[in-house]
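Engineer: Starting off with a structure, shown below.
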Amino acid sequence: MSVLPLVFTSGWASGINAYAVVLLLGLFGATGLTDEVPQALQRTDVLIAAGVLFLCEAVADRIPYVDSVWDSVHTVIRPVAGAVVATLLAGESGSLPELAAGAVGGSTALASHLVKAGTRMAVNTSPEPFSNIAVSTAEDLSVAGVLTFAVFNPVAAAVVAGILLVLGICAVALMASRIRRFRRRRAQRREERRLAATIRSRE
């Protein structure tokens, strides 16, 4: 069977939480749950690094505004991770050219990352922190659930991931006004900090 559905699903998941994808796939391979995970993802050092970074993301992802800064930093990291994981999966399977797999995984990861980043900007217009915790928890559970499902039924999981991606894009489009409001607030805060620094330098 072609590894394309798993490549697509792992790309979608990487755009949300790349470290969780590496950690889960590595554990699935190490425990013998699937034979499609390359040895590179099952290495102990890779699993430890992914676990530590996953914990860092779990904390940063639940703090208002910190999550958006974290997303900005990962605008490159998540798509690259999606492309690398997809390339490794294709190389292990041999049923899909590695370059094509990398393109699918990377582009899908970029799309889901942009959806996540846009959603967080909209959520951060709310003054309370509980929505960040709820959204982050839902994202983590979605990644874990869909990726686990992909191991047993990759085609159905890819369909689910595709539906979630489309719904996410539609949600971000509907929340465009809130995203613009977030950007205005962030620009205003930067300007206030710049003015404060200028005043201090003149004193």
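Going through the structure tokens in order, the chains are called A, B, and so on, while each chain numbers its residues from 1 and the ligands are numbered from 1 in the order shown.
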Please list as an MDAnalysis selection string every residue within 12 Å of Thr87 of chain A, counting only C-alpha atoms and excluding residues in the same chain fewer than 6 positions away.
Structural biologist: chainID A and resid 3:4 6:8 10:11 37:38 40:41 80:81 93:106
Engineer: Residues of the last selection are to be written out with N, CA, C and O atoms, as a tab-separated table (two decimals), in the first residue's frame.
Structural biologist:
chain	number	residue	atom	x	y	z
A	3	VAL	N	2.37	4.81	0.90
A	3	VAL	CA	2.54	5.48	2.18
A	3	VAL	C	2.00	6.91	2.14
A	3	VAL	O	2.05	7.63	3.13
A	4	LEU	N	1.44	7.32	1.00
A	4	LEU	CA	0.95	8.69	0.83
A	4	LEU	C	-0.06	9.13	1.89
A	4	LEU	O	0.06	10.24	2.42
A	6	LEU	N	-0.35	8.21	5.01
A	6	LEU	CA	0.38	8.44	6.25
A	6	LEU	C	1.25	9.69	6.14
A	6	LEU	O	1.39	10.44	7.11
A	7	VAL	N	1.83	9.92	4.97
A	7	VAL	CA	2.63	11.12	4.73
A	7	VAL	C	1.77	12.38	4.90
A	7	VAL	O	2.17	13.34	5.56
A	8	PHE	N	0.58	12.36	4.31
A	8	PHE	CA	-0.33	13.50	4.40
A	8	PHE	C	-0.75	13.74	5.85
A	8	PHE	O	-0.72	14.88	6.35
A	10	SER	N	0.76	12.76	8.65
A	10	SER	CA	1.90	13.20	9.48
A	10	SER	C	2.25	14.65	9.18
A	10	SER	O	2.66	15.39	10.08
A	11	GLY	N	2.08	15.07	7.92
A	11	GLY	CA	2.32	16.47	7.58
A	11	GLY	C	1.33	17.39	8.26
A	11	GLY	O	1.71	18.42	8.83
A	37	VAL	N	7.72	2.86	10.36
A	37	VAL	CA	8.48	3.95	10.96
A	37	VAL	C	9.97	3.69	10.78
A	37	VAL	O	10.47	2.64	11.20
A	38	PRO	N	10.70	4.60	10.18
A	38	PRO	CA	12.14	4.40	9.96
A	38	PRO	C	12.91	4.39	11.27
A	38	PRO	O	12.49	4.98	12.27
A	40	ALA	N	15.52	5.91	12.08
A	40	ALA	CA	16.00	7.22	12.51
A	40	ALA	C	15.08	7.87	13.53
A	40	ALA	O	15.54	8.60	14.41
A	41	LEU	N	13.78	7.59	13.45
A	41	LEU	CA	12.82	8.16	14.40
A	41	LEU	C	12.70	7.33	15.67
A	41	LEU	O	12.11	7.79	16.65
A	80	VAL	N	9.45	22.14	7.86
A	80	VAL	CA	10.67	21.35	7.62
A	80	VAL	C	10.55	19.99	8.28
A	80	VAL	O	10.90	18.95	7.70
A	81	ALA	N	10.05	19.98	9.51
A	81	ALA	CA	9.86	18.70	10.21
A	81	ALA	C	8.88	17.81	9.46
A	81	ALA	O	9.10	16.60	9.33
A	93	SER	N	9.25	3.02	3.15
A	93	SER	CA	8.23	2.26	2.43
A	93	SER	C	8.68	1.88	1.02
A	93	SER	O	8.45	0.77	0.56
A	94	GLY	N	9.29	2.84	0.33
A	94	GLY	CA	9.70	2.59	-1.05
A	94	GLY	C	8.57	2.65	-2.05
A	94	GLY	O	8.76	2.36	-3.24
A	95	SER	N	7.36	3.04	-1.61
A	95	SER	CA	6.21	3.08	-2.51
A	95	SER	C	5.93	4.48	-3.04
A	95	SER	O	5.02	4.67	-3.84
A	96	LEU	N	6.71	5.48	-2.60
A	96	LEU	CA	6.49	6.87	-3.01
A	96	LEU	C	7.85	7.55	-3.11
A	96	LEU	O	8.68	7.41	-2.21
A	97	PRO	N	8.11	8.28	-4.20
A	97	PRO	CA	9.39	9.00	-4.32
A	97	PRO	C	9.60	9.93	-3.13
A	97	PRO	O	8.66	10.63	-2.71
A	98	GLU	N	10.79	9.97	-2.59
A	98	GLU	CA	11.07	10.75	-1.39
A	98	GLU	C	10.85	12.24	-1.62
A	98	GLU	O	10.38	12.95	-0.73
A	99	LEU	N	11.22	12.73	-2.79
A	99	LEU	CA	11.05	14.15	-3.08
A	99	LEU	C	9.57	14.53	-3.07
A	99	LEU	O	9.18	15.56	-2.52
A	100	ALA	N	8.74	13.68	-3.67
A	100	ALA	CA	7.30	13.95	-3.69
A	100	ALA	C	6.73	13.90	-2.28
A	100	ALA	O	5.88	14.72	-1.91
A	101	ALA	N	7.19	12.92	-1.51
A	101	ALA	CA	6.71	12.80	-0.13
A	101	ALA	C	7.08	14.03	0.69
A	101	ALA	O	6.27	14.56	1.46
A	102	GLY	N	8.31	14.51	0.51
A	102	GLY	CA	8.74	15.70	1.23
A	102	GLY	C	7.91	16.92	0.88
A	102	GLY	O	7.56	17.73	1.74
A	103	ALA	N	7.57	17.03	-0.41
A	103	ALA	CA	6.75	18.16	-0.86
A	103	ALA	C	5.35	18.10	-0.25
A	103	ALA	O	4.81	19.11	0.21
A	104	VAL	N	4.76	16.91	-0.23
A	104	VAL	CA	3.42	16.75	0.34
A	104	VAL	C	3.44	17.01	1.85
A	104	VAL	O	2.61	17.77	2.38
A	105	GLY	N	4.39	16.39	2.54
A	105	GLY	CA	4.47	16.57	3.99
A	105	GLY	C	4.76	18.00	4.39
A	105	GLY	O	4.13	18.53	5.31
A	106	GLY	N	5.69	18.65	3.69
A	106	GLY	CA	6.06	20.02	4.03
A	106	GLY	C	4.95	21.01	3.75
A	106	GLY	O	4.66	21.89	4.57
Engineer: Among segment 15-48 of chain A, which ones does DSSP assign to helix (DSSP H, G or I) (computed from the backbone)? Answer as number ranges by chain.
Structural biologist: A: 15-30, 39-42, 44-48
Engineer: What lies within 12 Å of Leu114 of chain A using only C-alpha atoms, ignoring chain neighbours under 6 positions off, as a list of chain:residue names?
Structural biologist: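 The residues satisfying every condition are A:Trp12, A:Ser14, A:Gly15, A:Ile16, A:Ser68, A:Asp71, A:Ser72, A:His74, A:Thr75, A:Val76, A:Arg78, A:Pro79, A:Ser107, A:Thr108, A:Arg120, A:Met121, A:Leu165, A:Gly168, A:Ile169, A:Ala171, A:Val172, A:Ala173.
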Engineer: Mind writing the picked residues with all heavy atoms as a short mmCIF file (atom, residue, chain, number, x, y, z; two decimals), in the first residue's frame?
Structural biologist:
data_model
loop_
_atom_site.label_atom_id
_atom_site.label_comp_id
_atom_site.auth_asym_id
_atom_site.auth_seq_id
_atom_site.Cartn_x
_atom_site.Cartn_y
_atom_site.Cartn_z
N TRP A 12 0.05 17.01 8.21
CA TRP A 12 -0.98 17.80 8.90
C TRP A 12 -0.67 17.90 10.40
O TRP A 12 -0.74 18.99 10.99
CB TRP A 12 -2.35 17.15 8.69
CG TRP A 12 -3.41 17.70 9.59
CD1 TRP A 12 -4.11 18.86 9.44
CD2 TRP A 12 -3.85 17.13 10.83
NE1 TRP A 12 -4.97 19.04 10.51
CE2 TRP A 12 -4.84 17.99 11.36
CE3 TRP A 12 -3.51 15.98 11.53
CZ2 TRP A 12 -5.49 17.73 12.57
CZ3 TRP A 12 -4.16 15.71 12.73
CH2 TRP A 12 -5.13 16.58 13.24
N SER A 14 2.22 17.50 11.90
CA SER A 14 3.47 18.22 12.15
C SER A 14 3.25 19.73 12.17
O SER A 14 3.93 20.46 12.88
CB SER A 14 4.50 17.87 11.07
OG SER A 14 4.89 16.52 11.15
N GLY A 15 2.31 20.21 11.38
CA GLY A 15 2.01 21.63 11.38
C GLY A 15 1.40 22.11 12.67
O GLY A 15 1.44 23.31 12.98
N ILE A 16 0.86 21.19 13.45
CA ILE A 16 0.26 21.53 14.74
C ILE A 16 1.25 21.30 15.87
O ILE A 16 1.42 22.14 16.75
CB ILE A 16 -1.02 20.71 14.97
CG1 ILE A 16 -2.04 21.01 13.87
CG2 ILE A 16 -1.62 20.99 16.34
CD1 ILE A 16 -3.27 20.13 13.90
N SER A 68 1.74 32.56 20.52
CA SER A 68 1.90 33.17 19.19
C SER A 68 3.37 33.42 18.87
O SER A 68 3.79 33.28 17.71
CB SER A 68 1.11 34.48 19.12
OG SER A 68 -0.28 34.21 19.08
N ASP A 71 4.66 30.09 17.91
CA ASP A 71 4.24 29.77 16.55
C ASP A 71 5.09 30.49 15.51
O ASP A 71 5.43 29.92 14.47
CB ASP A 71 2.76 30.14 16.35
CG ASP A 71 1.82 29.17 17.03
OD1 ASP A 71 2.23 28.03 17.30
OD2 ASP A 71 0.67 29.56 17.31
N SER A 72 5.42 31.75 15.79
CA SER A 72 6.25 32.51 14.85
C SER A 72 7.61 31.86 14.66
O SER A 72 8.10 31.74 13.53
CB SER A 72 6.43 33.95 15.35
OG SER A 72 5.19 34.62 15.42
N HIS A 74 8.24 28.77 14.97
CA HIS A 74 8.08 27.46 14.34
C HIS A 74 7.49 27.53 12.93
O HIS A 74 7.14 26.49 12.37
CB HIS A 74 7.22 26.56 15.22
CG HIS A 74 7.96 26.03 16.41
ND1 HIS A 74 8.27 26.81 17.50
CD2 HIS A 74 8.47 24.79 16.68
CE1 HIS A 74 8.93 26.09 18.38
NE2 HIS A 74 9.07 24.87 17.90
N THR A 75 7.41 28.72 12.37
CA THR A 75 6.90 28.85 11.00
C THR A 75 7.77 28.09 10.01
O THR A 75 7.29 27.57 9.00
CB THR A 75 6.81 30.34 10.60
OG1 THR A 75 5.91 31.00 11.49
CG2 THR A 75 6.31 30.49 9.17
N VAL A 76 9.04 28.03 10.27
CA VAL A 76 9.97 27.25 9.43
C VAL A 76 10.14 25.84 9.97
O VAL A 76 10.18 24.87 9.20
CB VAL A 76 11.34 27.96 9.34
CG1 VAL A 76 12.34 27.09 8.58
CG2 VAL A 76 11.20 29.32 8.68
N ARG A 78 8.19 23.69 11.72
CA ARG A 78 7.14 22.69 11.51
C ARG A 78 7.06 22.19 10.08
O ARG A 78 6.97 20.97 9.86
CB ARG A 78 5.79 23.26 11.98
CG ARG A 78 5.69 23.33 13.51
CD ARG A 78 4.47 24.08 13.96
NE ARG A 78 4.43 24.20 15.42
CZ ARG A 78 3.77 25.15 16.07
NH1 ARG A 78 3.09 26.06 15.39
NH2 ARG A 78 3.78 25.19 17.39
N PRO A 79 7.06 23.08 9.06
CA PRO A 79 7.06 22.55 7.69
C PRO A 79 8.29 21.71 7.35
O PRO A 79 8.18 20.69 6.65
CB PRO A 79 7.01 23.83 6.83
CG PRO A 79 6.35 24.84 7.71
CD PRO A 79 6.86 24.53 9.09
N SER A 107 4.30 20.88 2.59
CA SER A 107 3.23 21.83 2.24
C SER A 107 2.01 21.65 3.13
O SER A 107 1.37 22.62 3.53
CB SER A 107 2.84 21.66 0.77
OG SER A 107 2.41 20.34 0.50
N THR A 108 1.70 20.39 3.46
CA THR A 108 0.57 20.14 4.36
C THR A 108 0.86 20.67 5.76
O THR A 108 -0.01 21.26 6.42
CB THR A 108 0.26 18.63 4.43
OG1 THR A 108 0.08 18.12 3.12
CG2 THR A 108 -1.00 18.38 5.25
N ARG A 120 -4.72 30.84 16.98
CA ARG A 120 -4.19 31.34 18.25
C ARG A 120 -4.26 32.86 18.32
O ARG A 120 -4.49 33.43 19.38
CB ARG A 120 -2.75 30.86 18.45
CG ARG A 120 -2.68 29.38 18.77
CD ARG A 120 -3.70 29.03 19.84
NE ARG A 120 -3.64 27.65 20.21
CZ ARG A 120 -2.82 27.16 21.14
NH1 ARG A 120 -2.00 27.96 21.78
NH2 ARG A 120 -2.84 25.88 21.41
N MET A 121 -4.03 33.53 17.20
CA MET A 121 -4.15 34.99 17.20
C MET A 121 -5.58 35.41 17.57
O MET A 121 -5.80 36.36 18.32
CB MET A 121 -3.78 35.55 15.83
CG MET A 121 -2.31 35.48 15.50
SD MET A 121 -1.98 36.20 13.87
CE MET A 121 -0.22 35.84 13.70
N LEU A 165 -8.35 19.98 8.26
CA LEU A 165 -7.58 21.08 7.66
C LEU A 165 -8.51 22.07 6.96
O LEU A 165 -8.37 23.29 7.12
CB LEU A 165 -6.56 20.52 6.67
CG LEU A 165 -5.66 21.53 5.97
CD1 LEU A 165 -4.87 22.36 6.98
CD2 LEU A 165 -4.71 20.83 5.01
N GLY A 168 -10.43 24.00 9.48
CA GLY A 168 -9.56 24.98 10.12
C GLY A 168 -9.37 26.22 9.26
O GLY A 168 -9.39 27.35 9.75
N ILE A 169 -9.17 26.01 7.96
CA ILE A 169 -9.02 27.13 7.04
C ILE A 169 -10.28 27.99 7.03
O ILE A 169 -10.21 29.23 7.06
CB ILE A 169 -8.70 26.62 5.62
CG1 ILE A 169 -7.31 25.97 5.60
CG2 ILE A 169 -8.76 27.75 4.61
CD1 ILE A 169 -6.98 25.27 4.31
N ALA A 171 -12.46 28.25 9.47
CA ALA A 171 -12.58 28.92 10.77
C ALA A 171 -11.69 30.15 10.83
O ALA A 171 -12.09 31.20 11.33
CB ALA A 171 -12.22 27.94 11.89
N VAL A 172 -10.46 30.03 10.32
CA VAL A 172 -9.55 31.17 10.31
C VAL A 172 -10.10 32.30 9.46
O VAL A 172 -10.00 33.48 9.81
CB VAL A 172 -8.14 30.74 9.82
CG1 VAL A 172 -7.26 31.95 9.55
CG2 VAL A 172 -7.48 29.84 10.85
N ALA A 173 -10.70 31.95 8.33
CA ALA A 173 -11.31 32.96 7.46
C ALA A 173 -12.44 33.70 8.18
O ALA A 173 -12.58 34.92 8.06
CB ALA A 173 -11.84 32.33 6.18
#
Engineer: Between segment 8-89 of chain A and segment 132-135 of chain A, at 9 Å or less, what are the per-residue closest atom pairs and their distances in Å? Count only C-alpha atoms, order by chain and rising residue number, and return it as a Markdown table.
Structural biologist:
| residue | atom | partner | partner_atom | distance |
| --- | --- | --- | --- | --- |
| A:Asp61 | CA | A:Asn132 | CA | 7.5 |
| A:Arg62 | CA | A:Ile133 | CA | 4.8 |
| A:Ile63 | CA | A:Asn132 | CA | 6.7 |
| A:Pro64 | CA | A:Asn132 | CA | 6.4 |
| A:Asp67 | CA | A:Asn132 | CA | 8.5 |
Engineer: Excluding Gly51 of chain A and any residue of its chain fewer than 5 positions from it, enumerate the residues within 10 Å of it, using only C-alpha atoms, and give them as a list in words.
Structural biologist: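 Here the answer would be Tyr19, Ala20, Val22, Leu23, Leu24, Asp45, Val46, Cys56 and Glu57 of chain A.
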Engineer: Residues within 10 Å of Leu147 of chain A, please, as a list in words. Count only C-alpha atoms; anything in the same chain fewer than 4 positions from it doesn't count.
Structural biologist: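 With the cut-off at 10 Å, the set is Leu6, Thr9, Ser10, Trp12, Ala13, Ala20, Val21, Leu24, Leu25, Leu141, Ser142, Val143, Val151, Phe152, Asn153, Pro154, Ala157, Ala158 and Ala161 of chain A.
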Engineer: Could you state the separation of atom CA of Thr137 of chain A and atom CA of Ala58 of chain A in Å, given to one decimal place?
Structural biologist: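 Separation between atom CA of Thr137 of chain A and atom CA of Ala58 of chain A: 8.6 Å.
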Engineer: Residues at most 8 Å from Glu36 of chain A, counting only C-alpha atoms, excluding those fewer than 3 positions away in the same chain, as a PDB file with N, CA and C atoms, in the first residue's frame?
Structural biologist:
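What landed in selection07.pdb:
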ATOM      1  N   GLY A  29       7.029   2.839  16.361  1.00  0.00           N
ATOM      2  CA  GLY A  29       8.000   1.960  15.726  1.00  0.00           C
ATOM      3  C   GLY A  29       8.790   1.150  16.735  1.00  0.00           C
ATOM      4  N   LEU A  89       9.541   8.476   5.925  1.00  0.00           N
ATOM      5  CA  LEU A  89       8.492   7.471   5.762  1.00  0.00           C
ATOM      6  C   LEU A  89       8.500   6.893   4.352  1.00  0.00           C
ATOM      7  N   GLU A  92      11.430   4.556   3.866  1.00  0.00           N
ATOM      8  CA  GLU A  92      11.228   3.274   4.534  1.00  0.00           C
ATOM      9  C   GLU A  92      10.274   2.385   3.735  1.00  0.00           C
ATOM     10  N   SER A  93       9.248   3.016   3.152  1.00  0.00           N
ATOM     11  CA  SER A  93       8.229   2.256   2.429  1.00  0.00           C
ATOM     12  C   SER A  93       8.678   1.884   1.022  1.00  0.00           C
TER      13      SER A  93
END
Engineer: Which is closer to Phe182 of chain A than all the others in A:Thr148, A:Gly118, A:Ile199, A:Leu167, using only C-alpha atoms?
Structural biologist: A:Gly118
